[in-house]
Amino acid sequence: MSTGCQLGPVLAGSALLIGLGALVLGARRPSPYGRHLQAGSRARLPARAAWFLQELPSFALPAGILVHRPLRQPNALLLALFCAHYFHRTFIYSMQTRGKPVPVSILLWACAFCVGNGTLQAYSLSYCADYPAEWCMDPRFILGILLFVAGMAVNIHSDHILCQLRKPGEVIYQIPRGGLFTYVSGANYLGEIVEWMGFALATWSFPAFAFAFFSLCFLGLRAVHHHRFYHQVFENYPKSRKALIPFIF
């Protein structure tokens, strides 16, 4: 561990992520945005602007460290993978989405989370993680990178399918088809969950495992609610399709 690492805040932030994940599961309610948006007069922003603003901190903070702080090869590569995910979410996905306007309250919560988690992961990899020179050849690193890349590919492909379901200005919902949507309702969420599990394995760090746990809780529960939504809205929804894990759940 680096001598510049402040371990207390890292442990506290990681524990907070785990606690937030547990709270999400305990609440059993979907976050009120997208198809689960609740009726009301709350101020809202267009989806594209909201996604850009909320995802930006998770890219900008780690990218700033990556550019200005010399890092060892494993640390730099892992932090670059984190940045790659949020570069896509900030600058590409946000320009493609055709979702409903996002409540400002949800945007603020999302921004706070991205600032906190982006800082936690970047600080941990930059100041606390101390990998041996041969870490890039470790089976955990190699398997983790493969899972991250595969999960990111599934996530991007699934988001592309969802974005193509609507024409500009449309607000109707349709049944997604193709890719892993053949097997699960939450293909995009499954891809992102696999991403962060791979990231946790490759980094072999408490903050990354805590983030993977939160992602599993938050995105997994959202996949379950999406699955129920599809069955309620579409009588012809595929009966064999699962919520999150093909053939199982």
# chains A, B, ... in the order shown; residues from 1 in each chain; ligands from 1
$ residues_around --residues "Ala27 (chain A)" --least-positions-apart "3" --cutoff "12 Å" --atoms "only C-alpha atoms" --output "list of chain:residue names"
A:Leu20, A:Gly21, A:Ala22, A:Leu23, A:Val24, A:Pro30, A:Ser31, A:Cys217, A:Phe218, A:Leu221, A:Arg222
$ residues_around --residues "Ala84 (chain A)" --least-positions-apart "6" --cutoff "10 Å" --atoms "only C-alpha atoms" --output "PyMOL selection string"
chain A and resi 59+63+78+90+152
$ write_last_selection --atoms "N, CA and C atoms" --output "PDB file, in the first residue's frame"
ATOM      1  N   PHE A  59     -16.225  10.246 -15.189  1.00  0.00           N
ATOM      2  CA  PHE A  59     -15.166  10.248 -16.204  1.00  0.00           C
ATOM      3  C   PHE A  59     -14.114  11.304 -15.903  1.00  0.00           C
ATOM      4  N   ALA A  63     -10.112  10.628 -15.068  1.00  0.00           N
ATOM      5  CA  ALA A  63      -9.311  11.007 -16.228  1.00  0.00           C
ATOM      6  C   ALA A  63      -8.297  12.079 -15.858  1.00  0.00           C
ATOM      7  N   LEU A  78      -6.019  -0.194 -15.321  1.00  0.00           N
ATOM      8  CA  LEU A  78      -7.303  -0.392 -14.640  1.00  0.00           C
ATOM      9  C   LEU A  78      -8.086   0.909 -14.564  1.00  0.00           C
ATOM     10  N   THR A  90     -20.881   9.031 -20.927  1.00  0.00           N
ATOM     11  CA  THR A  90     -20.985  10.485 -20.909  1.00  0.00           C
ATOM     12  C   THR A  90     -21.134  11.083 -22.303  1.00  0.00           C
ATOM     13  N   MET A 152     -18.864  -4.952 -21.143  1.00  0.00           N
ATOM     14  CA  MET A 152     -19.032  -3.649 -21.777  1.00  0.00           C
ATOM     15  C   MET A 152     -19.600  -3.805 -23.182  1.00  0.00           C
TER      16      MET A 152
END
$ closest_atom_pairs --of "region 44-104 of chain A" --to "region 141-149 of chain A" --cutoff "12 Å" --atoms "only C-alpha atoms" --output "tab-separated table"
residue	atom	partner	partner_atom	distance
A:Pro74	CA	A:Phe141	CA	9.0
A:Asn75	CA	A:Phe141	CA	11.3
A:Leu77	CA	A:Ile145	CA	9.8
A:Leu78	CA	A:Ile145	CA	8.6
A:Leu79	CA	A:Ile145	CA	11.9
A:Ala80	CA	A:Ile145	CA	11.6
A:Leu81	CA	A:Phe148	CA	8.3
A:Phe82	CA	A:Phe148	CA	9.6
A:Ala84	CA	A:Val149	CA	10.3
A:His85	CA	A:Phe148	CA	9.5
$ write_last_selection --atoms "N, CA, C and O atoms" --output "CSV table (one decimal), in the first residue's frame"
chain,number,residue,atom,x,y,z
A,74,PRO,N,-0.1,-1.5,-14.2
A,74,PRO,CA,-1.4,-2.1,-13.8
A,74,PRO,C,-2.5,-1.1,-13.4
A,74,PRO,O,-3.6,-1.1,-13.7
A,75,ASN,N,-2.0,-0.1,-12.5
A,75,ASN,CA,-2.9,0.9,-12.0
A,75,ASN,C,-3.4,1.8,-13.2
A,75,ASN,O,-4.6,2.1,-13.2
A,77,LEU,N,-3.7,1.0,-16.4
A,77,LEU,CA,-4.6,0.3,-17.2
A,77,LEU,C,-6.0,0.1,-16.6
A,77,LEU,O,-7.0,0.3,-17.3
A,78,LEU,N,-6.0,-0.2,-15.3
A,78,LEU,CA,-7.3,-0.4,-14.6
A,78,LEU,C,-8.1,0.9,-14.6
A,78,LEU,O,-9.3,0.9,-14.8
A,79,LEU,N,-7.4,2.0,-14.3
A,79,LEU,CA,-8.1,3.3,-14.2
A,79,LEU,C,-8.6,3.7,-15.6
A,79,LEU,O,-9.6,4.3,-15.7
A,80,ALA,N,-7.8,3.4,-16.6
A,80,ALA,CA,-8.2,3.7,-18.0
A,80,ALA,C,-9.5,2.9,-18.4
A,80,ALA,O,-10.3,3.4,-19.1
A,81,LEU,N,-9.6,1.7,-17.9
A,81,LEU,CA,-10.8,0.9,-18.2
A,81,LEU,C,-12.0,1.6,-17.5
A,81,LEU,O,-13.1,1.6,-18.1
A,82,PHE,N,-11.9,2.0,-16.3
A,82,PHE,CA,-13.0,2.8,-15.6
A,82,PHE,C,-13.3,4.0,-16.4
A,82,PHE,O,-14.5,4.3,-16.6
A,84,ALA,N,-12.9,4.4,-19.6
A,84,ALA,CA,-13.5,4.0,-20.9
A,84,ALA,C,-15.0,3.8,-20.8
A,84,ALA,O,-15.8,4.2,-21.6
A,85,HIS,N,-15.4,3.2,-19.7
A,85,HIS,CA,-16.8,2.9,-19.5
A,85,HIS,C,-17.6,4.3,-19.4
A,85,HIS,O,-18.6,4.5,-20.1
$ residues_around --residues "His226 (chain A)" --least-positions-apart "2" --cutoff "10 Å" --atoms "only C-alpha atoms" --output "list of chain:residue names"
A:Pro30, A:Arg35, A:His36, A:Ser185, A:Gly186, A:Gly220, A:Leu221, A:Arg222, A:Ala223, A:Val224, A:Arg228, A:Phe229, A:Tyr230, A:His231, A:Gln232, A:Ala243, A:Leu244
$ residues_around --residues "region 52-58 of chain A" --least-positions-apart "6" --cutoff "10 Å" --atoms "only C-alpha atoms" --output "ChimeraX atom specification"
/A:82-83,85-95,106-122
$ closest_residue --among "A:His225, A:Ile156, A:Gly151, A:Phe209" --to "Ile193 (chain A)" --atoms "only C-alpha atoms"
A:Gly151
$ closest_residue --among "A:Arg241, A:Ala50, A:Ala150, A:Cys128" --to "Arg177 (chain A)" --atoms "only C-alpha atoms"
A:Arg241
$ residues_around --residues "Val104 (chain A)" --least-positions-apart "6" --cutoff "10 Å" --atoms "only C-alpha atoms" --output "VMD selection string"
chain A and resid 42 to 46 50 110
$ write_last_selection --atoms "N, CA and C atoms" --output "JSON list (two decimals), in the first residue's frame"
[["chain", "number", "residue", "atom", "x", "y", "z"],
["A", 42, "ARG", "N", -42.67, 17.65, -10.58],
["A", 42, "ARG", "CA", -41.28, 17.93, -10.28],
["A", 42, "ARG", "C", -40.53, 18.39, -11.53],
["A", 43, "ALA", "N", -39.56, 19.29, -11.31],
["A", 43, "ALA", "CA", -38.76, 19.79, -12.42],
["A", 43, "ALA", "C", -37.97, 18.65, -13.05],
["A", 44, "ARG", "N", -37.87, 18.67, -14.37],
["A", 44, "ARG", "CA", -37.19, 17.60, -15.09],
["A", 44, "ARG", "C", -36.28, 18.19, -16.16],
["A", 45, "LEU", "N", -35.24, 17.42, -16.50],
["A", 45, "LEU", "CA", -34.34, 17.78, -17.57],
["A", 45, "LEU", "C", -34.47, 16.77, -18.70],
["A", 46, "PRO", "N", -34.22, 17.17, -19.94],
["A", 46, "PRO", "CA", -34.21, 16.20, -21.03],
["A", 46, "PRO", "C", -33.22, 15.07, -20.72],
["A", 50, "ALA", "N", -29.47, 15.19, -18.89],
["A", 50, "ALA", "CA", -29.36, 14.59, -17.56],
["A", 50, "ALA", "C", -28.29, 13.51, -17.52],
["A", 110, "ALA", "N", -27.84, 11.13, -8.58],
["A", 110, "ALA", "CA", -26.93, 10.42, -9.47],
["A", 110, "ALA", "C", -25.58, 11.14, -9.58]]
$ atom_distance --atom1 "CA of Ser14 (chain A)" --atom2 "CA of Ser205 (chain A)"
9.9 Å
$ atom_distance --atom1 "CA of Pro103 (chain A)" --atom2 "CA of Pro32 (chain A)"
8.2 Å
$ atom_distance --atom1 "CA of Arg72 (chain A)" --atom2 "CA of Glu134 (chain A)"
11.3 Å
$ select_by_dssp --residues "region 118-165 of chain A" --states "helix (DSSP H, G or I)" --output "PyMOL selection string"
chain A and resi 118-128+135-137+139-163
$ closest_residue --among "A:Pro176, A:Thr182, A:Val10, A:Ile18" --to "Ala212 (chain A)" --atoms "only C-alpha atoms"
A:Ile18
